[in-house]
file entry03.cif (mmCIF, C-alpha atoms and all ligand atoms)
data_upload
loop_
_atom_site.group_PDB
_atom_site.id
_atom_site.type_symbol
_atom_site.label_atom_id
_atom_site.label_comp_id
_atom_site.auth_asym_id
_atom_site.auth_seq_id
_atom_site.Cartn_x
_atom_site.Cartn_y
_atom_site.Cartn_z
ATOM 1 C CA MET A 1 -96.701 127.674 27.659
ATOM 2 C CA GLN A 2 -99.190 130.406 26.751
ATOM 3 C CA ASN A 3 -102.877 130.310 25.852
ATOM 4 C CA GLN A 4 -103.319 126.627 26.513
ATOM 5 C CA SER A 5 -106.844 125.255 26.806
ATOM 6 C CA PRO A 6 -108.196 125.895 30.300
ATOM 7 C CA ALA A 7 -108.768 123.001 32.714
ATOM 8 C CA GLY A 8 -112.211 121.544 32.135
ATOM 9 C CA LYS A 9 -112.170 122.391 28.418
ATOM 10 C CA ARG A 10 -111.957 119.225 26.312
ATOM 11 C CA THR A 11 -109.613 119.115 23.348
ATOM 12 C CA ALA A 12 -109.788 116.976 20.222
ATOM 13 C CA PHE A 13 -107.452 116.242 17.334
ATOM 14 C CA VAL A 14 -109.174 115.215 14.075
ATOM 15 C CA THR A 15 -107.058 113.991 11.157
ATOM 16 C CA GLY A 16 -108.152 114.201 7.522
ATOM 17 C CA ALA A 17 -110.370 117.135 8.464
ATOM 18 C CA SER A 18 -110.253 119.186 5.250
ATOM 19 C CA TYR A 19 -113.611 117.888 3.989
ATOM 20 C CA GLY A 20 -116.048 114.982 4.253
ATOM 21 C CA ILE A 21 -116.261 112.963 7.469
ATOM 22 C CA GLY A 22 -113.269 114.663 9.103
ATOM 23 C CA ALA A 23 -114.608 118.196 8.607
ATOM 24 C CA ALA A 24 -118.089 117.183 9.802
ATOM 25 C CA THR A 25 -116.521 115.559 12.875
ATOM 26 C CA ALA A 26 -114.464 118.649 13.723
ATOM 27 C CA LEU A 27 -117.604 120.804 13.508
ATOM 28 C CA ALA A 28 -119.689 118.359 15.581
ATOM 29 C CA LEU A 29 -117.060 118.208 18.345
ATOM 30 C CA ALA A 30 -116.783 122.000 18.313
ATOM 31 C CA ARG A 31 -120.562 122.229 18.827
ATOM 32 C CA ASP A 32 -120.029 120.034 21.906
ATOM 33 C CA GLY A 33 -117.577 122.626 23.230
ATOM 34 C CA PHE A 34 -114.258 121.051 22.263
ATOM 35 C CA ASP A 35 -111.188 123.018 21.249
ATOM 36 C CA VAL A 36 -110.285 121.316 17.975
ATOM 37 C CA ALA A 37 -107.036 120.665 16.106
ATOM 38 C CA VAL A 38 -107.543 119.730 12.451
ATOM 39 C CA ALA A 39 -104.990 118.054 10.192
ATOM 40 C CA ALA A 40 -104.534 117.378 6.488
ATOM 41 C CA THR A 41 -101.599 116.751 4.192
ATOM 42 C CA ARG A 42 -102.204 120.112 2.501
ATOM 43 C CA VAL A 43 -102.838 122.578 5.272
ATOM 44 C CA GLU A 44 -104.374 125.058 2.799
ATOM 45 C CA ASN A 45 -107.231 122.568 2.287
ATOM 46 C CA LEU A 46 -108.216 123.200 5.909
ATOM 47 C CA ALA A 47 -109.091 126.860 5.251
ATOM 48 C CA ASP A 48 -112.831 126.244 4.909
ATOM 49 C CA VAL A 49 -113.242 124.153 8.069
ATOM 50 C CA VAL A 50 -110.953 126.495 10.023
ATOM 51 C CA ALA A 51 -113.118 129.473 8.951
ATOM 52 C CA LYS A 52 -116.298 127.653 10.027
ATOM 53 C CA LEU A 53 -114.815 126.649 13.386
ATOM 54 C CA THR A 54 -113.507 130.139 14.005
ATOM 55 C CA SER A 55 -116.901 131.670 13.208
ATOM 56 C CA MET A 56 -118.385 129.376 15.874
ATOM 57 C CA GLY A 57 -115.957 130.830 18.416
ATOM 58 C CA THR A 58 -114.026 127.562 18.610
ATOM 59 C CA ARG A 59 -110.326 127.579 19.382
ATOM 60 C CA VAL A 60 -108.846 125.815 16.356
ATOM 61 C CA VAL A 61 -105.314 124.698 15.508
ATOM 62 C CA PRO A 62 -104.631 123.648 11.886
ATOM 63 C CA VAL A 63 -101.666 121.307 11.404
ATOM 64 C CA ALA A 64 -99.960 119.642 8.463
ATOM 65 C CA LEU A 65 -99.802 115.869 8.742
ATOM 66 C CA ASN A 66 -98.430 113.206 6.426
ATOM 67 C CA LEU A 67 -99.290 109.787 7.812
ATOM 68 C CA GLY A 68 -96.604 108.306 5.591
ATOM 69 C CA SER A 69 -93.889 110.015 7.635
ATOM 70 C CA HIS A 70 -93.105 109.146 11.233
ATOM 71 C CA SER A 71 -91.456 112.491 11.875
ATOM 72 C CA SER A 72 -94.562 114.289 10.540
ATOM 73 C CA ILE A 73 -96.734 112.306 12.971
ATOM 74 C CA GLU A 74 -94.481 113.188 15.922
ATOM 75 C CA GLN A 75 -94.354 116.830 14.832
ATOM 76 C CA ALA A 76 -98.127 117.140 14.376
ATOM 77 C CA MET A 77 -98.917 115.636 17.766
ATOM 78 C CA ALA A 78 -96.256 117.783 19.470
ATOM 79 C CA THR A 79 -97.723 120.916 17.844
ATOM 80 C CA VAL A 80 -101.231 120.115 19.109
ATOM 81 C CA ILE A 81 -100.080 119.224 22.630
ATOM 82 C CA ASP A 82 -98.029 122.401 22.740
ATOM 83 C CA ALA A 83 -100.986 124.526 21.594
ATOM 84 C CA PHE A 84 -103.682 122.996 23.832
ATOM 85 C CA GLY A 85 -101.557 121.668 26.689
ATOM 86 C CA ARG A 86 -103.159 118.251 26.287
ATOM 87 C CA VAL A 87 -105.278 116.167 23.908
ATOM 88 C CA ASP A 88 -108.328 114.341 25.296
ATOM 89 C CA VAL A 89 -109.714 112.891 22.067
ATOM 90 C CA LEU A 90 -108.012 111.663 18.902
ATOM 91 C CA VAL A 91 -110.054 110.896 15.784
ATOM 92 C CA ASN A 92 -107.925 108.972 13.295
ATOM 93 C CA ASN A 93 -110.083 109.753 10.286
ATOM 94 C CA ALA A 94 -107.488 110.282 7.530
ATOM 95 C CA GLY A 95 -106.997 107.449 5.110
ATOM 96 C CA ILE A 96 -106.511 106.703 1.445
ATOM 97 C CA SER A 97 -108.423 104.407 -0.832
ATOM 98 C CA ASN A 98 -107.518 102.111 -3.679
ATOM 99 C CA ARG A 99 -109.566 100.351 -6.339
ATOM 100 C CA LYS A 100 -107.611 97.693 -8.206
ATOM 101 C CA ALA A 101 -107.935 94.042 -9.193
ATOM 102 C CA ALA A 102 -105.783 91.875 -6.919
ATOM 103 C CA VAL A 103 -103.728 90.603 -9.857
ATOM 104 C CA ASP A 104 -102.774 94.165 -10.833
ATOM 105 C CA ILE A 105 -101.719 95.583 -7.448
ATOM 106 C CA THR A 106 -98.134 96.845 -7.395
ATOM 107 C CA PRO A 107 -95.797 96.806 -4.371
ATOM 108 C CA GLU A 108 -95.856 100.622 -4.413
ATOM 109 C CA GLU A 109 -99.669 100.735 -4.218
ATOM 110 C CA TRP A 110 -99.704 98.165 -1.420
ATOM 111 C CA GLU A 111 -97.063 100.085 0.498
ATOM 112 C CA ALA A 112 -98.779 103.473 0.093
ATOM 113 C CA VAL A 113 -102.134 102.313 1.492
ATOM 114 C CA MET A 114 -100.633 100.230 4.307
ATOM 115 C CA GLN A 115 -98.240 103.012 5.263
ATOM 116 C CA THR A 116 -100.989 105.639 5.475
ATOM 117 C CA ASN A 117 -103.940 103.635 6.788
ATOM 118 C CA VAL A 118 -102.270 101.067 9.050
ATOM 119 C CA THR A 119 -98.797 102.291 10.028
ATOM 120 C CA GLY A 120 -99.860 105.937 10.169
ATOM 121 C CA THR A 121 -102.975 105.215 12.224
ATOM 122 C CA PHE A 122 -101.006 103.034 14.644
ATOM 123 C CA PHE A 123 -98.282 105.608 15.264
ATOM 124 C CA MET A 124 -100.892 108.333 15.787
ATOM 125 C CA CYS A 125 -102.456 106.035 18.423
ATOM 126 C CA GLN A 126 -99.025 105.412 19.925
ATOM 127 C CA GLN A 127 -98.318 109.144 20.215
ATOM 128 C CA MET A 128 -101.697 109.634 21.877
ATOM 129 C CA GLY A 129 -101.145 106.643 24.182
ATOM 130 C CA ARG A 130 -97.748 107.967 25.283
ATOM 131 C CA HIS A 131 -99.270 111.401 25.907
ATOM 132 C CA LEU A 132 -102.162 110.068 27.994
ATOM 133 C CA VAL A 133 -100.339 107.301 29.865
ATOM 134 C CA GLY A 134 -97.376 109.609 30.548
ATOM 135 C CA GLY A 135 -99.700 112.309 31.855
ATOM 136 C CA GLY A 136 -101.839 109.874 33.842
ATOM 137 C CA ARG A 137 -104.938 111.131 32.009
ATOM 138 C CA PRO A 138 -107.911 109.244 30.561
ATOM 139 C CA GLY A 139 -108.806 109.788 26.942
ATOM 140 C CA SER A 140 -110.597 108.435 23.921
ATOM 141 C CA ILE A 141 -109.583 107.411 20.409
ATOM 142 C CA VAL A 142 -111.863 106.750 17.440
ATOM 143 C CA ASN A 143 -110.362 105.102 14.357
ATOM 144 C CA MET A 144 -112.102 105.260 10.981
ATOM 145 C CA ALA A 145 -112.465 101.784 9.504
ATOM 146 C CA SER A 146 -114.862 100.704 6.726
ATOM 147 C CA THR A 147 -117.326 97.954 5.881
ATOM 148 C CA HIS A 148 -114.597 96.782 3.483
ATOM 149 C CA GLY A 149 -112.635 95.754 6.589
ATOM 150 C CA VAL A 150 -115.443 93.354 7.514
ATOM 151 C CA VAL A 151 -116.909 91.983 4.276
ATOM 152 C CA GLY A 152 -115.183 91.146 1.017
ATOM 153 C CA LEU A 153 -115.636 92.966 -2.289
ATOM 154 C CA ALA A 154 -113.784 92.476 -5.573
ATOM 155 C CA GLY A 155 -111.293 95.226 -6.372
ATOM 156 C CA ARG A 156 -110.967 96.541 -2.813
ATOM 157 C CA LEU A 157 -108.274 94.192 -1.492
ATOM 158 C CA ILE A 158 -105.628 96.604 -0.192
ATOM 159 C CA TYR A 159 -108.120 99.090 1.221
ATOM 160 C CA GLY A 160 -110.206 96.352 2.892
ATOM 161 C CA THR A 161 -107.123 94.667 4.334
ATOM 162 C CA SER A 162 -105.925 97.982 5.773
ATOM 163 C CA LYS A 163 -109.320 98.662 7.351
ATOM 164 C CA ALA A 164 -109.490 95.130 8.804
ATOM 165 C CA ALA A 165 -106.113 95.861 10.426
ATOM 166 C CA ILE A 166 -107.539 99.070 11.909
ATOM 167 C CA ILE A 167 -110.474 97.134 13.402
ATOM 168 C CA HIS A 168 -108.137 94.623 15.027
ATOM 169 C CA MET A 169 -105.675 97.329 16.132
ATOM 170 C CA THR A 170 -108.619 99.029 17.849
ATOM 171 C CA LYS A 171 -109.372 95.890 19.881
ATOM 172 C CA MET A 172 -105.726 95.324 20.801
ATOM 173 C CA LEU A 173 -105.212 98.904 21.991
ATOM 174 C CA ALA A 174 -108.532 98.938 23.854
ATOM 175 C CA ILE A 175 -107.425 95.948 25.901
ATOM 176 C CA GLU A 176 -103.882 97.184 26.496
ATOM 177 C CA TRP A 177 -104.915 100.701 27.511
ATOM 178 C CA ALA A 178 -108.149 100.003 29.432
ATOM 179 C CA GLN A 179 -106.108 100.006 32.659
ATOM 180 C CA HIS A 180 -105.170 103.630 31.906
ATOM 181 C CA GLY A 181 -108.746 104.782 31.304
ATOM 182 C CA ILE A 182 -108.163 105.121 27.571
ATOM 183 C CA ARG A 183 -111.039 103.958 25.390
ATOM 184 C CA VAL A 184 -110.361 102.962 21.786
ATOM 185 C CA ASN A 185 -113.215 102.413 19.340
ATOM 186 C CA ALA A 186 -113.752 102.371 15.593
ATOM 187 C CA ILE A 187 -116.497 103.249 13.146
ATOM 188 C CA ALA A 188 -116.991 101.257 9.961
ATOM 189 C CA PRO A 189 -119.036 103.331 7.510
ATOM 190 C CA GLY A 190 -120.548 101.977 4.335
ATOM 191 C CA THR A 191 -120.652 104.390 1.414
ATOM 192 C CA VAL A 192 -120.792 107.995 2.583
ATOM 193 C CA GLU A 193 -121.351 110.799 0.063
ATOM 194 C CA THR A 194 -118.169 112.798 0.547
ATOM 195 C CA PRO A 195 -116.226 114.853 -2.028
ATOM 196 C CA SER A 196 -113.688 112.059 -2.490
ATOM 197 C CA ARG A 197 -116.466 109.615 -3.461
ATOM 198 C CA ALA A 198 -118.305 112.101 -5.710
ATOM 199 C CA VAL A 199 -116.657 111.104 -8.996
ATOM 200 C CA PHE A 200 -117.158 107.413 -8.323
ATOM 201 C CA LEU A 201 -120.828 107.899 -7.368
ATOM 202 C CA ALA A 202 -121.528 110.238 -10.288
ATOM 203 C CA ASP A 203 -121.900 107.258 -12.614
ATOM 204 C CA PRO A 204 -125.645 106.345 -12.461
ATOM 205 C CA LYS A 205 -125.008 102.618 -13.002
ATOM 206 C CA THR A 206 -122.404 102.426 -10.221
ATOM 207 C CA ARG A 207 -124.706 104.406 -7.973
ATOM 208 C CA GLU A 208 -127.639 102.082 -8.549
ATOM 209 C CA THR A 209 -125.526 98.947 -8.026
ATOM 210 C CA MET A 210 -124.153 100.342 -4.783
ATOM 211 C CA LEU A 211 -127.570 101.470 -3.530
ATOM 212 C CA ASN A 212 -129.096 98.072 -4.243
ATOM 213 C CA ARG A 213 -126.642 96.496 -1.798
ATOM 214 C CA VAL A 214 -127.850 98.733 1.039
ATOM 215 C CA PRO A 215 -131.037 97.614 2.862
ATOM 216 C CA LEU A 216 -131.912 101.223 3.808
ATOM 217 C CA HIS A 217 -131.381 102.089 0.126
ATOM 218 C CA ARG A 218 -129.409 105.271 0.606
ATOM 219 C CA PHE A 219 -125.837 106.320 1.298
ATOM 220 C CA GLY A 220 -124.693 107.721 4.611
ATOM 221 C CA THR A 221 -123.828 111.336 5.317
ATOM 222 C CA ALA A 222 -120.674 112.745 6.864
ATOM 223 C CA GLU A 223 -122.843 114.308 9.579
ATOM 224 C CA GLU A 224 -124.239 110.901 10.566
ATOM 225 C CA VAL A 225 -120.725 109.505 11.004
ATOM 226 C CA ALA A 226 -119.706 112.630 12.930
ATOM 227 C CA ALA A 227 -122.666 112.112 15.285
ATOM 228 C CA ALA A 228 -121.403 108.605 16.028
ATOM 229 C CA VAL A 229 -117.924 109.959 16.804
ATOM 230 C CA ARG A 230 -119.504 112.491 19.184
ATOM 231 C CA TYR A 231 -121.279 109.688 20.983
ATOM 232 C CA LEU A 232 -118.253 107.389 21.200
ATOM 233 C CA VAL A 233 -116.069 110.096 22.779
ATOM 234 C CA SER A 234 -118.833 111.281 25.138
ATOM 235 C CA PRO A 235 -119.291 110.281 28.791
ATOM 236 C CA GLU A 236 -122.445 108.400 27.680
ATOM 237 C CA ALA A 237 -120.154 105.892 25.944
ATOM 238 C CA ALA A 238 -117.887 105.448 28.985
ATOM 239 C CA TYR A 239 -118.489 101.672 29.059
ATOM 240 C CA ILE A 240 -117.732 101.145 25.354
ATOM 241 C CA THR A 241 -114.226 100.206 24.265
ATOM 242 C CA GLY A 242 -112.742 97.912 21.623
ATOM 243 C CA HIS A 243 -115.956 98.221 19.619
ATOM 244 C CA THR A 244 -116.399 98.816 15.895
ATOM 245 C CA LEU A 245 -119.694 100.493 15.114
ATOM 246 C CA MET A 246 -121.094 99.505 11.730
ATOM 247 C CA MET A 247 -122.748 102.503 10.015
ATOM 248 C CA ASP A 248 -123.809 101.074 6.721
ATOM 249 C CA GLY A 249 -127.592 101.147 6.294
ATOM 250 C CA GLY A 250 -127.652 97.433 7.081
ATOM 251 C CA LEU A 251 -125.116 96.374 4.419
ATOM 252 C CA THR A 252 -123.250 94.008 6.738
ATOM 253 C CA ALA A 253 -126.417 92.722 8.442
ATOM 254 C CA TYR A 254 -126.952 90.144 5.683
HETATM 255 N N1 LIG B 1 -116.546 108.250 2.171
HETATM 256 C C1 LIG B 1 -116.820 106.981 2.302
HETATM 257 O O1 LIG B 1 -117.673 106.411 1.593
HETATM 258 C C2 LIG B 1 -116.103 106.165 3.345
HETATM 259 C C3 LIG B 1 -116.582 104.879 3.643
HETATM 260 C C4 LIG B 1 -115.917 104.123 4.609
HETATM 261 C C5 LIG B 1 -114.809 104.630 5.240
HETATM 262 N N2 LIG B 1 -114.352 105.872 4.924
HETATM 263 C C6 LIG B 1 -113.162 106.359 5.609
HETATM 264 O O2 LIG B 1 -113.476 107.574 6.255
HETATM 265 C C7 LIG B 1 -112.332 108.422 6.263
HETATM 266 C C8 LIG B 1 -112.698 109.784 5.657
HETATM 267 O O3 LIG B 1 -113.230 109.598 4.376
HETATM 268 P P1 LIG B 1 -113.744 110.838 3.475
HETATM 269 O O4 LIG B 1 -114.427 110.222 2.300
HETATM 270 O O5 LIG B 1 -114.481 111.784 4.331
HETATM 271 O O6 LIG B 1 -112.438 111.589 3.031
HETATM 272 P P2 LIG B 1 -111.123 111.009 2.322
HETATM 273 O O7 LIG B 1 -111.031 111.557 0.995
HETATM 274 O O8 LIG B 1 -111.078 109.541 2.395
HETATM 275 O O9 LIG B 1 -109.992 111.591 3.286
HETATM 276 C C9 LIG B 1 -109.625 112.892 3.104
HETATM 277 C C10 LIG B 1 -108.728 113.415 4.185
HETATM 278 O O10 LIG B 1 -107.600 112.577 4.482
HETATM 279 C C11 LIG B 1 -106.404 113.367 4.369
HETATM 280 N N3 LIG B 1 -105.269 112.526 3.985
HETATM 281 C C12 LIG B 1 -105.112 111.825 2.843
HETATM 282 N N4 LIG B 1 -103.896 111.219 2.838
HETATM 283 C C13 LIG B 1 -103.281 111.559 4.002
HETATM 284 C C14 LIG B 1 -102.015 111.283 4.566
HETATM 285 N N5 LIG B 1 -101.115 110.504 3.951
HETATM 286 N N6 LIG B 1 -101.709 111.835 5.759
HETATM 287 C C15 LIG B 1 -102.591 112.619 6.416
HETATM 288 N N7 LIG B 1 -103.821 112.922 5.940
HETATM 289 C C16 LIG B 1 -104.152 112.402 4.733
HETATM 290 C C17 LIG B 1 -106.756 114.408 3.307
HETATM 291 O O11 LIG B 1 -105.893 115.530 3.394
HETATM 292 P P3 LIG B 1 -105.551 116.372 2.027
HETATM 293 O O12 LIG B 1 -106.855 116.813 1.462
HETATM 294 O O13 LIG B 1 -104.700 117.507 2.438
HETATM 295 O O14 LIG B 1 -104.826 115.381 1.156
HETATM 296 C C18 LIG B 1 -108.192 114.731 3.684
HETATM 297 O O15 LIG B 1 -108.233 115.669 4.737
HETATM 298 C C19 LIG B 1 -111.231 107.669 5.504
HETATM 299 O O16 LIG B 1 -110.415 106.959 6.423
HETATM 300 C C20 LIG B 1 -112.023 106.685 4.663
HETATM 301 O O17 LIG B 1 -111.274 105.522 4.333
HETATM 302 C C21 LIG B 1 -114.968 106.651 3.993
#
call {"tool": "encode", "arguments": {"input": "entry03.cif", "output": "structure tokens"}}
result
Amino acid sequence: MQNQSPAGKRTAFVTGASYGIGAATALALARDGFDVAVAATRVENLADVVAKLTSMGTRVVPVALNLGSHSSIEQAMATVIDAFGRVDVLVNNAGISNRKAAVDITPEEWEAVMQTNVTGTFFMCQQMGRHLVGGGRPGSIVNMASTHGVVGLAGRLIYGTSKAAIIHMTKMLAIEWAQHGIRVNAIAPGTVETPSRAVFLADPKTRETMLNRVPLHRFGTAEEVAAAVRYLVSPEAAYITGHTLMMDGGLTAY
């Protein structure tokens, strides 16, 4: 294979990287010297982050990924492994949200969120696990959970249940793969001001209600979450696995 990442160069694969936390994470890892593969359902949405990474001199591979399709997951991971020769770090950031009263949730809505957030995240981890275990290489995975996976909130049932599954999946994989030198951690952000949350947070009343629940009385930034990913995949975090880092301004400290 040609032009693969040289030995000693670390490589990362960040899903849901077109904007928000995923884009900030791709840029933060690039600043740490990683070659970075970025994925989104609509590959054209990656143009901005790809341009930024390229201007930093980073080797970047954009890939299409639909977490609702097993063949898309296999294809995306194969594309990245083929391009870089190996993947050292996987950041399972992509996910979808849902706001609906429990009594109104349809089977289709349940299925869509579970398929993307839980099934998709697991099979991305499985692909990465096969790659690392098969190659006898250590590696690191960070899964994006949410405070909704830890504490209850009306109207967030499917999303919260999917994120709780990600937190538990993280522990299970951390234990199973520790013997292979693979660390698996999660981050559970509170509200982070990303483009996908902009409409929701534009309503002043909603904003105030949400802020009043946060002891630090502000929302998080994508860059703050990205900094936590950087730490969790770094050698400084070599003794951390199976952990979910709460990043919520103290929301879940009550
Ligand atoms: N923002 C917050 O307040 C907050 C709080 C807690 C947790 N989180 C979690 O943090 C992660 C990132 O959140 P965000 O707000 O930065 O962005 P987001 O809007 O939640 O995620 C956007 C990214 O996910 C991709 N994506 C959506 N559906 C996908 C699918 N089926 N397959 C593959 N990729 C898919 C999108 O690609 P396309 O654009 O091409 O569709 C986009 O790149 C999510 O897992 C979210 O649940 C966010």
call {"tool": "axis_aligned_box", "arguments": {"input": "entry03.cif", "around": "ligand LIG 1 (chain B)", "padding_each_side": "3 Å", "output": "lines of an AutoDock Vina configuration file"}}
result
center_x = -109.4
center_y = 110.8
center_z = 3.7
size_x = 22.6
size_y = 19.4
size_z = 11.4
call {"tool": "resolve_selection", "arguments": {"input": "entry03.cif", "expression": "the PyMOL selection byres (((not hetatm)) within 7 of (chain B and resi 1))", "output": "number ranges by chain"}}
result
A: 15-22, 39-43, 45, 65-68, 93-97, 116, 144-147, 188-197, 222
call {"tool": "residues_around", "arguments": {"input": "entry03.cif", "residues": "segment 223-236 of chain A", "least_positions_apart": "3", "cutoff": "10 Å", "atoms": "only C-alpha atoms", "output": "VMD selection string"}}
result
chain A and resid 12 20 to 32 88 to 91 139 to 144 183 to 189 192 220 239 to 241 243 245 247 to 248
call {"tool": "atom_distance", "arguments": {"input": "entry03.cif", "atom1": "atom CA of Gly8 of chain A", "atom2": "atom CA of Ala83 of chain A"}}
result
15.7 Å
call {"tool": "atom_distance", "arguments": {"input": "entry03.cif", "atom1": "atom CA of Asp35 of chain A", "atom2": "atom CA of Arg10 of chain A"}}
result
6.4 Å
call {"tool": "closest_residue", "arguments": {"input": "entry03.cif", "among": "A:Arg86, A:Lys100, A:His168, A:Arg59", "to": "Gly135 of chain A", "atoms": "only C-alpha atoms"}}
result
A:Arg86
call {"tool": "residues_around", "arguments": {"input": "entry03.cif", "residues": "segment 101-114 of chain A", "least_positions_apart": "3", "cutoff": "7 Å", "atoms": "all atoms listed in the file", "output": "list in words"}}
result
Ile96, Asn117, Val118, Thr119, Gly155, Leu157, Ile158, Tyr159 and Ser162 of chain A
call {"tool": "build_atoms", "arguments": {"input": "entry03.cif", "residues": "segment 80-102 of chain A", "atoms": "N, CA and C atoms", "output": "compact mmCIF listing (two decimals), keeping the file's coordinate frame"}}
result
# COMPACT_ATOMS: atom_id res chain seq x y z
N VAL A 80 -99.90 120.03 18.49
CA VAL A 80 -101.23 120.12 19.11
C VAL A 80 -101.12 120.12 20.63
N ILE A 81 -100.25 119.27 21.16
CA ILE A 81 -100.08 119.22 22.63
C ILE A 81 -99.54 120.57 23.13
N ASP A 82 -98.61 121.11 22.35
CA ASP A 82 -98.03 122.40 22.74
C ASP A 82 -99.09 123.50 22.73
N ALA A 83 -99.97 123.47 21.72
CA ALA A 83 -100.99 124.53 21.59
C ALA A 83 -102.07 124.41 22.67
N PHE A 84 -102.55 123.19 22.91
CA PHE A 84 -103.68 123.00 23.83
C PHE A 84 -103.24 122.64 25.26
N GLY A 85 -102.02 122.14 25.38
CA GLY A 85 -101.56 121.67 26.69
C GLY A 85 -101.83 120.20 26.90
N ARG A 86 -102.83 119.68 26.20
CA ARG A 86 -103.16 118.25 26.29
C ARG A 86 -104.14 117.91 25.17
N VAL A 87 -104.27 116.63 24.87
CA VAL A 87 -105.28 116.17 23.91
C VAL A 87 -106.13 115.11 24.61
N ASP A 88 -107.43 115.30 24.64
CA ASP A 88 -108.33 114.34 25.30
C ASP A 88 -108.88 113.31 24.32
N VAL A 89 -109.06 113.74 23.07
CA VAL A 89 -109.71 112.89 22.07
C VAL A 89 -108.91 112.93 20.77
N LEU A 90 -108.65 111.75 20.22
CA LEU A 90 -108.01 111.66 18.90
C LEU A 90 -108.96 110.93 17.95
N VAL A 91 -109.24 111.56 16.81
CA VAL A 91 -110.05 110.90 15.78
C VAL A 91 -109.15 110.63 14.58
N ASN A 92 -108.78 109.38 14.42
CA ASN A 92 -107.92 108.97 13.30
C ASN A 92 -108.81 108.74 12.08
N ASN A 93 -109.15 109.84 11.41
CA ASN A 93 -110.08 109.75 10.29
C ASN A 93 -109.37 109.66 8.94
N ALA A 94 -108.17 110.24 8.83
CA ALA A 94 -107.49 110.28 7.53
C ALA A 94 -107.18 108.88 7.02
N GLY A 95 -107.32 108.73 5.72
CA GLY A 95 -107.00 107.45 5.11
C GLY A 95 -107.04 107.60 3.61
N ILE A 96 -106.43 106.66 2.90
CA ILE A 96 -106.51 106.70 1.44
C ILE A 96 -107.14 105.42 0.94
N SER A 97 -107.68 105.52 -0.25
CA SER A 97 -108.42 104.41 -0.83
C SER A 97 -107.66 103.84 -2.02
N ASN A 98 -108.15 102.73 -2.52
CA ASN A 98 -107.52 102.11 -3.68
C ASN A 98 -108.52 101.15 -4.31
N ARG A 99 -108.69 101.28 -5.60
CA ARG A 99 -109.57 100.35 -6.34
C ARG A 99 -108.72 99.66 -7.41
N LYS A 100 -108.48 98.39 -7.25
CA LYS A 100 -107.61 97.69 -8.21
C LYS A 100 -107.85 96.19 -8.08
N ALA A 101 -107.84 95.51 -9.22
CA ALA A 101 -107.94 94.04 -9.19
C ALA A 101 -106.69 93.49 -8.49
N ALA A 102 -106.89 92.44 -7.70
CA ALA A 102 -105.78 91.88 -6.92
C ALA A 102 -104.58 91.53 -7.79
